[in-house]
file entry.csv (CSV, C-alpha atoms)
chain,number,residue,atom,x,y,z
F,1,MET,CA,-29.1,-9.0,5.8
F,2,LYS,CA,-29.1,-5.3,5.8
F,3,GLN,CA,-28.6,-5.2,9.6
F,4,LYS,CA,-25.4,-7.3,9.3
F,5,LYS,CA,-23.9,-4.9,6.7
F,6,SER,CA,-24.6,-1.9,8.9
F,7,PHE,CA,-23.0,-3.6,12.0
F,8,THR,CA,-19.9,-4.4,10.0
F,9,ARG,CA,-19.6,-0.9,8.8
F,10,THR,CA,-20.0,0.5,12.3
F,11,VAL,CA,-17.3,-1.9,13.6
F,12,ARG,CA,-14.9,-0.8,10.9
F,13,ILE,CA,-15.6,2.9,11.6
F,14,TRP,CA,-15.0,2.4,15.4
F,15,VAL,CA,-11.8,0.4,14.7
F,16,ALA,CA,-10.5,3.1,12.4
F,17,LEU,CA,-11.3,5.8,15.0
F,18,LEU,CA,-9.6,3.8,17.8
F,19,ILE,CA,-6.5,3.4,15.6
F,20,ALA,CA,-6.4,7.1,14.8
F,21,GLY,CA,-7.0,8.0,18.4
F,22,ALA,CA,-4.1,5.8,19.5
F,23,ALA,CA,-1.8,7.3,16.9
F,24,VAL,CA,-2.7,10.8,18.0
F,25,SER,CA,-2.2,9.9,21.6
F,26,ILE,CA,1.3,8.4,20.9
F,27,ILE,CA,2.3,11.5,19.0
F,28,LEU,CA,1.1,13.8,21.7
F,29,VAL,CA,3.0,11.9,24.4
F,30,ASP,CA,6.1,12.0,22.2
F,31,ILE,CA,5.8,15.8,21.7
F,32,LEU,CA,5.3,16.4,25.4
F,33,VAL,CA,8.3,14.3,26.4
F,34,SER,CA,10.5,16.0,23.8
F,35,TYR,CA,9.4,19.4,25.0
F,36,LYS,CA,10.2,18.5,28.6
F,37,ASP,CA,13.6,17.2,27.6
F,38,PHE,CA,14.2,20.5,25.7
F,39,GLU,CA,13.2,22.6,28.7
F,40,THR,CA,15.6,20.6,31.0
F,41,GLU,CA,18.5,20.9,28.5
F,42,SER,CA,17.9,24.6,27.9
F,43,GLU,CA,17.9,25.3,31.6
F,44,HIS,CA,21.1,23.4,32.0
F,45,THR,CA,22.7,25.2,29.1
F,46,ARG,CA,21.5,28.6,30.5
F,47,ALA,CA,22.9,27.8,33.9
F,48,ASN,CA,26.3,26.8,32.4
F,49,TYR,CA,26.4,30.0,30.3
F,50,ILE,CA,25.6,32.2,33.3
F,51,ALA,CA,28.2,30.5,35.4
F,52,SER,CA,30.8,30.9,32.7
F,53,GLN,CA,29.9,34.6,32.3
F,54,LYS,CA,30.1,35.2,36.0
F,55,LYS,CA,33.5,33.5,36.1
F,56,MET,CA,34.7,35.6,33.2
F,57,ILE,CA,33.7,38.8,35.0
F,58,LYS,CA,35.5,37.8,38.2
F,59,ASP,CA,38.8,37.0,36.3
call {"tool": "encode", "arguments": {"input": "entry.csv", "output": "structure tokens"}}
result
Amino acid sequence: MKQKKSFTRTVRIWVALLIAGAAVSIILVDILVSYKDFETESEHTRANYIASQKKMIKD
């Protein structure tokens, strides 16, 4: 009887750890994707700003 209780407890712990690991993985992927989008958008904004400043200097 004691063996079954220990097995159930072990399974519950592993399930909880797997769920927590999956949640952390999803959050990390979301952070990385958001950061990549930020880098792309900031590079685009920077390029547009530099182009507008060069145009303003020429005029």
call {"tool": "atom_distance", "arguments": {"input": "entry.csv", "atom1": "atom CA of Phe38 of chain F", "atom2": "atom CA of Lys55 of chain F"}}
result
25.5 Å
call {"tool": "atom_distance", "arguments": {"input": "entry.csv", "atom1": "atom CA of Lys36 of chain F", "atom2": "atom CA of Ala20 of chain F"}}
result
24.4 Å
call {"tool": "atom_distance", "arguments": {"input": "entry.csv", "atom1": "atom CA of Val15 of chain F", "atom2": "atom CA of Val33 of chain F"}}
result
27.1 Å
call {"tool": "decode", "arguments": {"input": "entry.csv", "residues": "chain F", "atoms": "C-alpha atoms", "output": "short mmCIF file (atom, residue, chain, number, x, y, z; two decimals), in the first residue's frame"}}
result
data_model
loop_
_atom_site.label_atom_id
_atom_site.label_comp_id
_atom_site.auth_asym_id
_atom_site.auth_seq_id
_atom_site.Cartn_x
_atom_site.Cartn_y
_atom_site.Cartn_z
CA MET F 1 0.00 0.00 0.00
CA LYS F 2 2.78 2.41 0.87
CA GLN F 3 4.43 1.73 -2.49
CA LYS F 4 1.35 2.89 -4.43
CA LYS F 5 1.15 6.14 -2.45
CA SER F 6 4.79 6.87 -3.22
CA PHE F 7 4.28 6.17 -6.94
CA THR F 8 1.25 8.49 -7.11
CA ARG F 9 3.19 11.24 -5.39
CA THR F 10 6.10 10.81 -7.80
CA VAL F 11 3.79 10.98 -10.81
CA ARG F 12 2.14 14.14 -9.50
CA ILE F 13 5.52 15.80 -8.93
CA TRP F 14 6.70 14.91 -12.44
CA VAL F 15 3.46 16.18 -14.00
CA ALA F 16 3.76 19.45 -12.08
CA LEU F 17 7.38 19.82 -13.19
CA LEU F 18 6.47 19.11 -16.82
CA ILE F 19 3.67 21.67 -16.76
CA ALA F 20 5.97 24.27 -15.18
CA GLY F 21 8.70 23.47 -17.72
CA ALA F 22 6.27 23.84 -20.61
CA ALA F 23 5.05 27.17 -19.26
CA VAL F 24 8.61 28.47 -18.86
CA SER F 25 9.47 27.29 -22.38
CA ILE F 26 6.48 29.06 -23.89
CA ILE F 27 7.34 32.26 -22.03
CA LEU F 28 10.97 32.12 -23.17
CA VAL F 29 9.97 31.59 -26.80
CA ASP F 30 7.57 34.53 -26.58
CA ILE F 31 10.28 36.75 -25.10
CA LEU F 32 12.77 35.78 -27.79
CA VAL F 33 10.28 36.39 -30.61
CA SER F 34 9.27 39.74 -29.13
CA TYR F 35 12.92 40.79 -28.80
CA LYS F 36 13.65 39.80 -32.41
CA ASP F 37 10.63 41.83 -33.58
CA PHE F 38 11.86 44.78 -31.51
CA GLU F 39 15.34 44.57 -33.05
CA THR F 40 13.89 44.45 -36.58
CA GLU F 41 11.55 47.38 -35.96
CA SER F 42 14.24 49.48 -34.28
CA GLU F 43 16.63 48.87 -37.21
CA HIS F 44 13.91 49.94 -39.64
CA THR F 45 13.14 53.07 -37.59
CA ARG F 46 16.85 53.90 -37.31
CA ALA F 47 17.34 53.54 -41.08
CA ASN F 48 14.35 55.78 -41.79
CA TYR F 49 15.60 58.40 -39.35
CA ILE F 50 19.09 58.42 -40.84
CA ALA F 51 17.66 58.68 -44.36
CA SER F 52 15.45 61.61 -43.36
CA GLN F 53 18.39 63.38 -41.68
CA LYS F 54 20.57 62.91 -44.78
CA LYS F 55 17.75 64.25 -46.96
CA MET F 56 17.34 67.26 -44.67
CA ILE F 57 21.09 68.02 -44.87
CA LYS F 58 21.03 67.86 -48.69
CA ASP F 59 18.07 70.26 -48.94
#
